[in-house]
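Novice: Take this structure first; my questions come after.
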Amino acid sequence: MDLSKYRITQAKGNHLKDHETDDAAGLRKGKEADALLAANIERLRERQEVLFAHNKYGVLLILQAMDAAGKDGAIKHVMSGLNPQGVQVKSFKVPTADETDHDYLWRAQAHLPARGNIAIFNRSYYEDVVVVRLHNLLGAQNMPAELSDGDVWDDRHRQIRDYERYLVENGILVVKIFLHLSAEEQRERLLKRIHDPAKHWKFSAGDVEERQHWDKYQDIYEETIRSTATEYAPWYIVPADRKWFARLLVSEIVADTLERLPLSYPELDDKQNAVLEECRRILEEESEPS
Ligand code: ADP
């Protein structure tokens, strides 16, 4: 699949409205798409094993979206191809009092992937330039007033670019996904949650309130993505109106990311090979239990 259409590495020429929310790359729901997803899950499985054994690189996968865009479903599908030992999912909620007593990147730090591991962020420090900006929450989150002036968002975008550069330069790959949903599809999904008792637990009146700010959210997301899209930490804008396609594309992006890393199984040196040989000899010489 050609991912260049979805990958954003610079501000120039990239506007959210130019990206369709119902694109499916010419594919149809059904057998063919299912087979592609299954193949990607297998690619993920293989590459994650090498990532883990190689134990040098980590992968940070960030998912951002409007409510009901399908973050949870995308994570569930990607996870189905991964060994749980090497992957952690962290969901970022409204910050606790302890968290707002620190700078906004602090709470992410503890959840970064270890070498050989993948961390999936369900929301992230990008909330601190999206929802915090939209609702003007800097004061409530203990930022000094004199540091919260008009430049604060440009400053934070720069800080995020610098932070991600730091991570990449230290072997932590950063991949950012925006699940791009249409307002109409969100409306239908929220209504489904209301109509289906089995989905009531997923429904939050807050989602309907946030929806009232739809256009403003889109503008802020667009500016955020443009300002933080870099060659070293690209954004992917994933059309999210069709759940099956969004999941397929996310699996493709993660598999592609892992395949681009120069990973290999560690090679044993002469001494380690000699130990291996000796252990083989001992085990083979042991008499089998009768
Ligand atoms: P989700 O919608 O991700 O499934 P929740 O329904 O618990 O999970 O929503 C988490 C909420 O936390 C979202 O409304 C999100 O905007 C909010 N949130 C996350 N990070 C921050 C932050 N730094 N400041 C304010 N709100 C935040």
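By convention here, the chains of the structure tokens are called A, B, ... in the order presented, each chain's residues are numbered starting at 1, and ligands are numbered starting at 1 in the order presented.
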So that I can check the surroundings of A:Glu49, please list as a list in words every protein, DNA and RNA residue that reaches within 9 Å of it, counting only C-alpha atoms and ignoring chain neighbours fewer than 2 positions away.

Specialist: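 The neighbour list is Leu44, Arg45, Glu46, Arg47, Leu51, Phe52, Ala53, His54, Leu82, Asn83, Gly86, Gly116 and Tyr265 of chain A.
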
Novice: Can you build me a table of chain A residues sitting at most 7 Å from ligand 1, with the closest atom pair per residue and its distance in Å to one decimal, using only C-alpha atoms and all ligand atoms, sorted by chain and residue number, as a Markdown table?

Specialist:
```
| residue | atom | partner | partner_atom_place_in_ligand_line | distance |
| --- | --- | --- | --- | --- |
| A:Asp67 | CA | ligand 1 | 2 (O) | 5.6 |
| A:Ser91 | CA | ligand 1 | 3 (O) | 6.6 |
| A:Phe92 | CA | ligand 1 | 19 (C) | 5.1 |
| A:Lys93 | CA | ligand 1 | 12 (O) | 3.6 |
| A:Val94 | CA | ligand 1 | 27 (C) | 3.8 |
| A:Pro95 | CA | ligand 1 | 22 (C) | 5.5 |
| A:Asn122 | CA | ligand 1 | 3 (O) | 6.2 |
| A:Arg123 | CA | ligand 1 | 3 (O) | 6.2 |
| A:Ser124 | CA | ligand 1 | 20 (N) | 6.6 |
| A:Tyr125 | CA | ligand 1 | 23 (N) | 6.4 |
| A:Glu127 | CA | ligand 1 | 20 (N) | 4.8 |
| A:Asp128 | CA | ligand 1 | 23 (N) | 4.6 |
| A:Val131 | CA | ligand 1 | 16 (O) | 5.4 |
| A:Val132 | CA | ligand 1 | 24 (N) | 5.3 |
```

Novice: As a PyMOL selection string, please: the residues near stretch 247-256 of chain A (cut-off 8 Å, only C-alpha atoms, same-chain neighbours under 4 positions excluded).

Specialist: chain A and resi 1+3+33+36-37+40-41+43-44+47+73-74+77-78+177+238+243+260

Novice: From a backbone DSSP assignment, name each residue in stretch 30-130 of chain A labelled helix (DSSP H, G or I), as a ChimeraX atom specification.

Specialist: /A:31-54,71-79,84-86,97-100,106-109,125-129

Novice: Just write the chosen residues, C-alpha atoms, as a PDB file, in the first residue's frame.

Specialist:
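Final output, result.pdb:
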```
ATOM      1  CA  LYS A  31     -12.215 -10.869   1.920  1.00  0.00           C
ATOM      2  CA  GLU A  32      -9.451  -8.932   0.195  1.00  0.00           C
ATOM      3  CA  ALA A  33      -9.167  -6.348   2.971  1.00  0.00           C
ATOM      4  CA  ASP A  34      -9.376  -9.068   5.637  1.00  0.00           C
ATOM      5  CA  ALA A  35      -6.529 -10.938   3.974  1.00  0.00           C
ATOM      6  CA  LEU A  36      -4.397  -7.779   3.843  1.00  0.00           C
ATOM      7  CA  LEU A  37      -5.032  -7.116   7.533  1.00  0.00           C
ATOM      8  CA  ALA A  38      -4.143 -10.702   8.418  1.00  0.00           C
ATOM      9  CA  ALA A  39      -0.926 -10.412   6.379  1.00  0.00           C
ATOM     10  CA  ASN A  40      -0.016  -7.183   8.173  1.00  0.00           C
ATOM     11  CA  ILE A  41      -0.654  -8.733  11.573  1.00  0.00           C
ATOM     12  CA  GLU A  42       1.781 -11.477  10.565  1.00  0.00           C
ATOM     13  CA  ARG A  43       4.367  -8.887   9.425  1.00  0.00           C
ATOM     14  CA  LEU A  44       3.967  -7.147  12.776  1.00  0.00           C
ATOM     15  CA  ARG A  45       4.431 -10.382  14.667  1.00  0.00           C
ATOM     16  CA  GLU A  46       7.663 -11.174  12.826  1.00  0.00           C
ATOM     17  CA  ARG A  47       9.189  -7.715  13.067  1.00  0.00           C
ATOM     18  CA  GLN A  48       8.279  -7.215  16.707  1.00  0.00           C
ATOM     19  CA  GLU A  49      10.173 -10.372  17.564  1.00  0.00           C
ATOM     20  CA  VAL A  50      13.318  -9.018  15.918  1.00  0.00           C
ATOM     21  CA  LEU A  51      12.791  -5.593  17.536  1.00  0.00           C
ATOM     22  CA  PHE A  52      12.618  -7.303  20.916  1.00  0.00           C
ATOM     23  CA  ALA A  53      15.649  -9.531  20.324  1.00  0.00           C
ATOM     24  CA  HIS A  54      17.716  -6.688  18.842  1.00  0.00           C
ATOM     25  CA  LYS A  71      -8.750   4.649  18.502  1.00  0.00           C
ATOM     26  CA  ASP A  72      -9.654   1.721  20.738  1.00  0.00           C
ATOM     27  CA  GLY A  73     -10.554  -0.555  17.826  1.00  0.00           C
ATOM     28  CA  ALA A  74      -7.359   0.339  15.944  1.00  0.00           C
ATOM     29  CA  ILE A  75      -5.270  -0.402  19.037  1.00  0.00           C
ATOM     30  CA  LYS A  76      -7.064  -3.713  19.590  1.00  0.00           C
ATOM     31  CA  HIS A  77      -6.322  -4.838  16.027  1.00  0.00           C
ATOM     32  CA  VAL A  78      -2.671  -3.797  16.070  1.00  0.00           C
ATOM     33  CA  MET A  79      -2.255  -5.443  19.465  1.00  0.00           C
ATOM     34  CA  PRO A  84       2.037  -8.478  25.001  1.00  0.00           C
ATOM     35  CA  GLN A  85       5.432  -8.776  26.691  1.00  0.00           C
ATOM     36  CA  GLY A  86       6.922  -6.185  24.368  1.00  0.00           C
ATOM     37  CA  ALA A  97      -3.435  17.059  40.494  1.00  0.00           C
ATOM     38  CA  ASP A  98      -0.034  15.406  40.671  1.00  0.00           C
ATOM     39  CA  GLU A  99       0.363  15.693  36.899  1.00  0.00           C
ATOM     40  CA  THR A 100      -0.631  19.364  36.724  1.00  0.00           C
ATOM     41  CA  TRP A 106       6.470  14.872  32.501  1.00  0.00           C
ATOM     42  CA  ARG A 107       3.673  12.334  32.541  1.00  0.00           C
ATOM     43  CA  ALA A 108       4.641  10.901  29.148  1.00  0.00           C
ATOM     44  CA  GLN A 109       8.201  10.217  30.185  1.00  0.00           C
ATOM     45  CA  TYR A 125       1.061  15.248  25.116  1.00  0.00           C
ATOM     46  CA  TYR A 126      -0.718  16.445  21.955  1.00  0.00           C
ATOM     47  CA  GLU A 127      -3.768  16.971  24.194  1.00  0.00           C
ATOM     48  CA  ASP A 128      -1.715  19.775  25.742  1.00  0.00           C
ATOM     49  CA  VAL A 129      -1.772  21.676  22.462  1.00  0.00           C
TER      50      VAL A 129
END
```

Novice: Just want the 7 Å neighbourhood of A:Asp241, counted on only C-alpha atoms, with same-chain residues fewer than 6 positions away dropped. Output as a list in words.

Specialist: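 Near A:Asp241, the qualifying residues are Thr21, Asp22, Leu181, Ser182 and Glu185 of chain A.
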
Novice: Go ahead and save the picked residues with N, CA, C and O atoms, as a tab-separated table (two decimals), in the first residue's frame.

Specialist:
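Once written, selection_17.tsv looks like this:
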```tsv
chain	number	residue	atom	x	y	z
A	21	THR	N	-12.10	11.77	4.48
A	21	THR	CA	-12.28	10.93	5.67
A	21	THR	C	-12.80	9.54	5.29
A	21	THR	O	-12.75	8.62	6.09
A	22	ASP	N	-13.30	9.41	4.04
A	22	ASP	CA	-13.88	8.11	3.66
A	22	ASP	C	-13.09	7.42	2.55
A	22	ASP	O	-13.60	6.52	1.88
A	181	LEU	N	-11.90	11.71	11.06
A	181	LEU	CA	-13.31	11.31	11.01
A	181	LEU	C	-14.15	12.48	10.52
A	181	LEU	O	-13.82	13.64	10.80
A	182	SER	N	-15.25	12.20	9.83
A	182	SER	CA	-16.16	13.30	9.45
A	182	SER	C	-17.15	13.54	10.58
A	182	SER	O	-17.43	12.65	11.39
A	185	GLU	N	-20.12	11.13	10.36
A	185	GLU	CA	-19.85	9.77	10.83
A	185	GLU	C	-19.78	9.75	12.36
A	185	GLU	O	-20.27	8.82	13.01
```

Novice: Residues at most 9 Å from stretch 157-163 of chain A, counting only C-alpha atoms, excluding those fewer than 6 positions away in the same chain, as a PyMOL selection string?

Specialist: chain A and resi 105+125-126+129+224+227-230+233

Novice: What separation in Å, quoted to one decimal, exists between atom CA of A:Asp23 and atom CA of A:Pro239?

Specialist: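 Atom-to-atom, atom CA of A:Asp23 and atom CA of A:Pro239 are spaced 5.9 Å apart.
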
Novice: Nearest to A:Phe245 among A:Asn142, A:Ala24, A:Arg226, A:Val208, with distances taken over only C-alpha atoms: which residue is it?

Specialist: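 Residue with the minimum atom-to-atom distance to A:Phe245: A:Ala24.
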
Novice: DSSP on the backbone, then: every residue of stretch 89-144 of chain A marked strand (DSSP E or B), written as a list in words.

Specialist: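 Result set for stretch 89-144 of chain A (strand (DSSP E or B)): Val89, Lys90, Ser91, Ile118, Ala119, Ile120, Phe121 and Asn122 of chain A.
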